[in-house]
Amino acid sequence: MVGYSREVARRVFAQEFRESNLTFKDGDDQYAPQYLMTPTGAKVNRVFIVGTLIEKEDIGTDSEYWRGRVTDPTGSFLIYAGQYQPEAAQILAECETPAFVAVVGKPSTYTTGEGDVLTSVRPESFHIVDGQTRDLWVLETAECTIERIKALEDGTSPNIQKAKEYYDPDIKHYSSIVLDALKSLKETF
């Protein structure tokens with residue numbers, strides 16, 4: 001791992017995250033970081049999400065392996081934690097639902113037999129938070145998404161070009177996701 005630093009965790013809404021399926025490495029080296037490119041051009045090695053843990057289940061057979069569903073105003077993230085994420089798995093096991101949670105983790109993709117790509121998060125950290133923290137995350141994630149949408153319109157960065165070529169994203173679609181997320185806060189304030 002010499003020469004690699006920890007990547008910044010990107011903020012992405014659940015709906016955009018679920019619609020992402022372009023994975024790649026920067027470099028040929030076996031330790032080169034793996035990325036998930038989203039339709040608005042977020043180059044994600046780590047993701048930061050805050051939402052409501054609405055369900056959890058131990059789906060392990062030989063040992064505990066937890067699956068949880070964390071919702072934001074646009075949809076839900078699947079998270080999986082087991083023996084390689086012991087702290088996250090323990091908190092997930094003990095946490096009551098529903099609860100506001102903050103998760104930093106690695107994006108993971110799985111291709112089904114039918115060819116569908118499912119995205120999920122392997123948590124590195126998992127914390128119980130309050131509603132105000134969730135609301136601030138929604139605002140900040142909306143800002144980040146708007147910045148990426150503007151960059152899509154301008155076509156300025158290499159990430160944006162890669163996202164445009166692969167996804168041909170509908171800017172109105174992602175703008176409406178941001179608007180819906182912000183409308184959900186209206187009830188809070």
# chains A, B, ... in the order shown; residues from 1 in each chain; ligands from 1

$ select_by_dssp --residues "stretch 35-96 of chain A" --states "strand (DSSP E or B)" --output "PyMOL selection string"
chain A and resi 35-37+43-44+46-58+66-72+75-81

$ select_by_dssp --residues "stretch 44-89 of chain A" --states "helix (DSSP H, G or I)" --output "list in words"
Pro86, Glu87, Ala88 and Ala89 of chain A

$ write_last_selection --atoms "C-alpha atoms" --output "compact mmCIF listing (two decimals), in the first residue's frame"
# COMPACT_ATOMS: atom_id res chain seq x y z
CA PRO A 86 -16.25 -6.32 12.99
CA GLU A 87 -17.01 -2.92 14.55
CA ALA A 88 -19.66 -2.07 11.96
CA ALA A 89 -21.17 -5.56 12.25

$ closest_residue --among "A:Leu185, A:Ala163, A:Leu78, A:Ala93" --to "A:Leu22" --atoms "only C-alpha atoms"
A:Ala163

$ residues_around --residues "stretch 116-126 of chain A" --least-positions-apart "6" --cutoff "7 Å" --atoms "only C-alpha atoms" --output "PDB file with C-alpha atoms, in the first residue's frame"
ATOM      1  CA  ARG A  18     -27.994   2.380  -7.224  1.00  0.00           C
ATOM      2  CA  ASN A  21     -22.308   0.288 -12.337  1.00  0.00           C
ATOM      3  CA  PHE A  77     -28.468   1.774   0.245  1.00  0.00           C
ATOM      4  CA  LEU A  78     -27.731  -1.856   1.044  1.00  0.00           C
ATOM      5  CA  ILE A  79     -24.920  -2.348   3.523  1.00  0.00           C
ATOM      6  CA  TYR A  80     -23.172  -5.615   4.352  1.00  0.00           C
ATOM      7  CA  ALA A  81     -20.920  -6.169   7.377  1.00  0.00           C
ATOM      8  CA  GLN A  85     -15.961  -5.230   9.323  1.00  0.00           C
ATOM      9  CA  ALA A  88     -19.658  -2.070  11.960  1.00  0.00           C
ATOM     10  CA  ILE A  91     -23.068  -1.845  15.935  1.00  0.00           C
ATOM     11  CA  VAL A 101     -26.929   6.301  11.085  1.00  0.00           C
ATOM     12  CA  ALA A 102     -23.779   7.624   9.428  1.00  0.00           C
ATOM     13  CA  VAL A 103     -21.743   5.163   7.375  1.00  0.00           C
ATOM     14  CA  VAL A 104     -18.401   5.512   5.622  1.00  0.00           C
ATOM     15  CA  GLY A 105     -17.579   2.552   3.437  1.00  0.00           C
ATOM     16  CA  LYS A 106     -16.387   1.060   0.196  1.00  0.00           C
ATOM     17  CA  PRO A 107     -18.757   0.713  -2.734  1.00  0.00           C
ATOM     18  CA  SER A 108     -19.201  -2.840  -3.922  1.00  0.00           C
ATOM     19  CA  THR A 109     -20.856  -4.188  -7.060  1.00  0.00           C
ATOM     20  CA  TYR A 110     -22.261  -7.629  -7.783  1.00  0.00           C
TER      21      TYR A 110
END

$ atom_distance --atom1 "atom CA of A:Thr23" --atom2 "atom CA of A:Ala9"
16.1 Å

$ closest_residue --among "A:Phe100, A:Tyr84, A:Val8, A:Val138" --to "A:Lys183" --atoms "only C-alpha atoms"
A:Val138

$ closest_residue --among "A:Thr74, A:Arg67, A:Thr61, A:Lys56" --to "A:Thr141" --atoms "only C-alpha atoms"
A:Thr74
